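*Asks:* Supplied structure: target_17.pdb, PDB, C-alpha atoms.
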```
ATOM      1  CA  MET A   6       5.294 -30.720  -9.275
ATOM      2  CA  SER A   7       5.769 -30.533  -5.510
ATOM      3  CA  ARG A   8       7.733 -27.699  -3.873
ATOM      4  CA  GLU A   9       8.790 -26.944  -0.325
ATOM      5  CA  MET A  10       8.773 -23.412   1.084
ATOM      6  CA  ILE A  11       8.589 -21.588   4.376
ATOM      7  CA  CYS A  12       5.719 -19.190   4.918
ATOM      8  CA  ILE A  13       6.860 -15.690   5.893
ATOM      9  CA  ASN A  14       3.447 -14.201   6.731
ATOM     10  CA  CYS A  15       3.844 -14.569  10.488
ATOM     11  CA  PRO A  16       6.454 -15.642  13.056
ATOM     12  CA  MET A  17       5.304 -19.292  12.917
ATOM     13  CA  GLY A  18       7.353 -19.940   9.765
ATOM     14  CA  CYS A  19       5.300 -22.941   8.685
ATOM     15  CA  ARG A  20       6.998 -25.430   6.374
ATOM     16  CA  LEU A  21       4.705 -25.688   3.402
ATOM     17  CA  THR A  22       4.461 -28.352   0.749
ATOM     18  CA  VAL A  23       2.932 -26.987  -2.435
ATOM     19  CA  ASP A  24       1.646 -29.155  -5.268
ATOM     20  CA  ASP A  25       1.246 -27.003  -8.391
ATOM     21  CA  ALA A  26       0.921 -29.751 -10.991
ATOM     22  CA  ASP A  27      -2.549 -28.407 -11.733
ATOM     23  CA  LYS A  28      -2.157 -24.596 -11.888
ATOM     24  CA  SER A  29      -5.913 -24.138 -11.518
ATOM     25  CA  ASN A  30      -5.966 -26.200  -8.297
ATOM     26  CA  ILE A  31      -2.793 -25.545  -6.275
ATOM     27  CA  LYS A  32      -2.711 -27.676  -3.118
ATOM     28  CA  VAL A  33      -0.948 -26.467   0.037
ATOM     29  CA  ALA A  34      -0.149 -28.541   3.129
ATOM     30  CA  GLY A  35       1.679 -27.749   6.365
ATOM     31  CA  ASN A  36       0.088 -24.374   7.060
ATOM     32  CA  THR A  37      -1.403 -23.644  10.477
ATOM     33  CA  CYS A  38      -3.533 -20.732   9.275
ATOM     34  CA  PRO A  39      -5.240 -19.648   6.031
ATOM     35  CA  ARG A  40      -2.545 -17.036   5.359
ATOM     36  CA  GLY A  41      -0.137 -19.863   4.542
ATOM     37  CA  VAL A  42      -2.322 -20.999   1.663
ATOM     38  CA  THR A  43      -2.625 -17.445   0.332
ATOM     39  CA  TYR A  44       1.143 -16.910   0.634
ATOM     40  CA  ALA A  45       1.988 -20.172  -1.181
ATOM     41  CA  VAL A  46      -0.474 -19.629  -4.028
ATOM     42  CA  ASN A  47       0.739 -16.043  -4.533
ATOM     43  CA  GLU A  48       4.387 -17.117  -4.374
ATOM     44  CA  ILE A  49       3.792 -19.729  -7.085
ATOM     45  CA  THR A  50       1.571 -17.646  -9.372
ATOM     46  CA  ALA A  51       2.746 -14.013  -8.922
ATOM     47  CA  PRO A  52       5.538 -13.478  -6.378
ATOM     48  CA  LYS A  53       5.832 -10.006  -4.852
ATOM     49  CA  ARG A  54       8.345  -8.360  -2.540
ATOM     50  CA  MET A  55       8.693  -5.207  -0.474
ATOM     51  CA  VAL A  56      11.614  -3.134  -1.745
ATOM     52  CA  THR A  57      13.762  -0.887   0.434
ATOM     53  CA  GLY A  58      16.491   1.549  -0.488
ATOM     54  CA  SER A  59      17.763   5.051   0.122
ATOM     55  CA  VAL A  60      17.905   8.303  -1.829
ATOM     56  CA  LYS A  61      20.010  11.464  -1.640
ATOM     57  CA  VAL A  62      18.758  14.494   0.275
ATOM     58  CA  VAL A  63      19.996  18.030  -0.391
ATOM     59  CA  GLY A  64      19.965  20.578   2.447
ATOM     60  CA  GLY A  65      19.134  18.066   5.141
ATOM     61  CA  ASN A  66      20.593  17.204   8.523
ATOM     62  CA  ILE A  67      21.545  13.838   6.999
ATOM     63  CA  PRO A  68      22.580  13.158   3.376
ATOM     64  CA  MET A  69      20.289  10.185   2.659
ATOM     65  CA  VAL A  70      16.781   9.045   3.547
ATOM     66  CA  SER A  71      15.512   5.473   3.736
ATOM     67  CA  VAL A  72      12.582   4.540   1.510
ATOM     68  CA  LYS A  73      10.363   1.519   0.908
ATOM     69  CA  THR A  74       7.529   0.507  -1.334
ATOM     70  CA  ARG A  75       4.146   1.162   0.277
ATOM     71  CA  GLU A  76       3.261  -2.463  -0.468
ATOM     72  CA  ALA A  77       4.859  -5.405  -2.215
ATOM     73  CA  ILE A  78       5.584  -5.107  -5.944
ATOM     74  CA  PRO A  79       5.998  -7.852  -8.559
ATOM     75  CA  LYS A  80       9.345  -9.553  -8.014
ATOM     76  CA  GLU A  81      10.438  -8.972 -11.608
ATOM     77  CA  LEU A  82      10.306  -5.177 -11.052
ATOM     78  CA  ILE A  83      12.758  -5.067  -8.132
ATOM     79  CA  PHE A  84      15.904  -4.185 -10.092
ATOM     80  CA  ASP A  85      14.106  -1.681 -12.353
ATOM     81  CA  SER A  86      12.640   0.061  -9.303
ATOM     82  CA  LEU A  87      16.073   0.309  -7.680
ATOM     83  CA  GLU A  88      17.485   1.853 -10.868
ATOM     84  CA  ILE A  89      14.808   4.535 -10.628
ATOM     85  CA  LEU A  90      15.806   5.284  -7.023
ATOM     86  CA  LYS A  91      19.430   5.891  -8.088
ATOM     87  CA  LYS A  92      18.271   8.934 -10.067
ATOM     88  CA  VAL A  93      16.193  10.521  -7.279
ATOM     89  CA  THR A  94      17.369  13.469  -5.178
ATOM     90  CA  LEU A  95      15.074  15.063  -2.610
ATOM     91  CA  THR A  96      15.256  18.472  -0.994
ATOM     92  CA  ALA A  97      14.815  18.687   2.777
ATOM     93  CA  PRO A  98      12.608  18.663   4.688
ATOM     94  CA  VAL A  99      11.410  15.107   4.136
ATOM     95  CA  HIS A 100       8.677  13.569   6.285
ATOM     96  CA  ILE A 101       7.824   9.952   7.018
ATOM     97  CA  GLY A 102       5.259   8.817   4.456
ATOM     98  CA  ASP A 103       6.174  11.402   1.808
ATOM     99  CA  VAL A 104       5.840   9.928  -1.681
ATOM    100  CA  VAL A 105       9.345   9.710  -3.136
ATOM    101  CA  VAL A 106       8.440   7.995  -6.429
ATOM    102  CA  ALA A 107       4.796   7.610  -7.413
ATOM    103  CA  ASP A 108       3.549   4.546  -9.299
ATOM    104  CA  VAL A 109       6.913   2.771  -9.498
ATOM    105  CA  CYS A 110       7.368   1.047 -12.869
ATOM    106  CA  GLY A 111       3.665   1.536 -13.574
ATOM    107  CA  CYS A 112       2.640  -1.055 -10.974
ATOM    108  CA  GLY A 113       0.495   1.328  -8.920
ATOM    109  CA  VAL A 114       2.725   1.271  -5.829
ATOM    110  CA  ASP A 115       4.654   4.266  -4.471
ATOM    111  CA  PHE A 116       8.063   4.490  -2.831
ATOM    112  CA  ILE A 117       7.659   6.401   0.439
ATOM    113  CA  ALA A 118      10.112   7.937   2.900
ATOM    114  CA  THR A 119      10.572   5.984   6.127
ATOM    115  CA  LYS A 120      12.589   8.592   8.025
ATOM    116  CA  LYS A 121      12.289  12.295   8.813
ATOM    117  CA  VAL A 122      15.033  14.584   7.472
ATOM    118  CA  ASP A 123      15.046  18.124   8.779
ATOM    119  CA  SER A 124      16.311  21.128   6.814
ATOM    120  CA  VAL A 125      19.607  22.647   7.821
ATOM    121  CA  SER A 126      19.837  26.410   7.531
ATOM    122  CA  ARG A 127      23.155  27.657   6.192
TER     123      ARG A 127
END
```
Go ahead and express the file in the form of structure tokens.

*Replies:*
Amino acid sequence: MSREMICINCPMGCRLTVDDADKSNIKVAGNTCPRGVTYAVNEITAPKRMVTGSVKVVGGNIPMVSVKTREAIPKELIFDSLEILKKVTLTAPVHIGDVVVADVCGCGVDFIATKKVDSVSR
């Protein structure tokens, strides 16, 4: 079967044609660099995505902090990982890079904070 997709690995946005009739020999055309082949093969065999969200912060100068997965996670875990985030509340201070949820859904990837939240003294 032949599929069309656009590579998102760099700003070039190459239009790829992927032939995956033989799963052991996936053919990719239209890429201008090797990353296009890697992207297409991964997208066909095991798609992954970065996940972003936000979580509540208690005692901070802002009430929420943005978070993201440290690296891409399997696409089928996106909604489960977001459900986990709904239950998380942090206490300020929060620093960029702090682990918010370790080993999300058992996939070996952490959610980390992407913003600094200072404590507010009352």

*Asks:* Would you translate the PyMOL selection byres ((chain A and resi 115) around 10) into the concrete set of residues it matches in this file, as a PyMOL selection string?

*Replies:* chain A and resi 72-78+103-114+116-118

*Asks:* Go ahead and save the picked residues with C-alpha atoms, as an mmCIF file, keeping the file's coordinate frame.

*Replies:*
```
data_model
loop_
_atom_site.group_PDB
_atom_site.id
_atom_site.type_symbol
_atom_site.label_atom_id
_atom_site.label_comp_id
_atom_site.auth_asym_id
_atom_site.auth_seq_id
_atom_site.Cartn_x
_atom_site.Cartn_y
_atom_site.Cartn_z
ATOM 1 C CA VAL A 72 12.582 4.540 1.510
ATOM 2 C CA LYS A 73 10.363 1.519 0.908
ATOM 3 C CA THR A 74 7.529 0.507 -1.334
ATOM 4 C CA ARG A 75 4.146 1.162 0.277
ATOM 5 C CA GLU A 76 3.261 -2.463 -0.468
ATOM 6 C CA ALA A 77 4.859 -5.405 -2.215
ATOM 7 C CA ILE A 78 5.584 -5.107 -5.944
ATOM 8 C CA ASP A 103 6.174 11.402 1.808
ATOM 9 C CA VAL A 104 5.840 9.928 -1.681
ATOM 10 C CA VAL A 105 9.345 9.710 -3.136
ATOM 11 C CA VAL A 106 8.440 7.995 -6.429
ATOM 12 C CA ALA A 107 4.796 7.610 -7.413
ATOM 13 C CA ASP A 108 3.549 4.546 -9.299
ATOM 14 C CA VAL A 109 6.913 2.771 -9.498
ATOM 15 C CA CYS A 110 7.368 1.047 -12.869
ATOM 16 C CA GLY A 111 3.665 1.536 -13.574
ATOM 17 C CA CYS A 112 2.640 -1.055 -10.974
ATOM 18 C CA GLY A 113 0.495 1.328 -8.920
ATOM 19 C CA VAL A 114 2.725 1.271 -5.829
ATOM 20 C CA PHE A 116 8.063 4.490 -2.831
ATOM 21 C CA ILE A 117 7.659 6.401 0.439
ATOM 22 C CA ALA A 118 10.112 7.937 2.900
#
```

*Asks:* Name the residues captured by the PyMOL selection byres ((chain A and resi 88-94) around 6) when it is applied to the shown file; answer as a PyMOL selection string.

*Replies:* chain A and resi 61-62+85-87+95

*Asks:* Please provide as a list in words all residues within 9 Å of stretch 43-46 of chain A, with the sequence filter that same-chain residues fewer than 6 positions apart are discarded (counting all atoms listed in the file).

*Replies:*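 Once the nearby chain positions are removed, what remains is Met10, Ile11, Cys12, Ile13, Asn14, Leu21, Thr22, Val23, Asp25, Ile31, Lys32, Val33 and Pro52 of chain A.
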
*Asks:* Evaluate the PyMOL selection byres ((chain A and resi 97) around 12) here and jot the selected residues down as a PyMOL selection string.

*Replies:* chain A and resi 60-70+94-96+98-101+103+118+120-126

*Asks:* Closest to A:Ser7 among A:Met55, A:Asn30, A:Val42, A:Asp24, using all atoms listed in the file?

*Replies:* A:Asp24

*Asks:* Let me have the centre and edge lengths of the axis-aligned box enclosing all listed atoms of stretch 105-124 of chain A with 5 Å padding on every side, in Å to one decimal, as AutoDock Vina command-line options.

*Replies:*
```
--center_x 8.4 --center_y 10.0 --center_z -2.4 --size_x 25.8 --size_y 32.2 --size_z 32.4
```

*Asks:* Can you list, as a compact mmCIF listing (two decimals) with C-alpha atoms, in the frame of the given file, every protein, DNA or RNA residue that comes within 10 Å of A:Cys38 when you count only C-alpha atoms, leaving out same-chain residues fewer than 6 positions away?

*Replies:*
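Below is the file selection10.txt, written as the result:
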```
# COMPACT_ATOMS: atom_id res chain seq x y z
CA ASN A 14 3.45 -14.20 6.73
CA CYS A 15 3.84 -14.57 10.49
CA MET A 17 5.30 -19.29 12.92
CA CYS A 19 5.30 -22.94 8.68
```

*Asks:* Please, what distance in Å, to one decimal, runs between atom CA of A:Ile83 and atom CA of A:Ala34?

*Replies:* 29.1 Å

*Asks:* From the options A:Pro16, A:Phe84, A:Ile49, A:Val56, which residue's atoms come nearest to A:Ser29, counting only C-alpha atoms?

*Replies:*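 Using only C-alpha atoms, the shortest distance to A:Ser29 belongs to A:Ile49.
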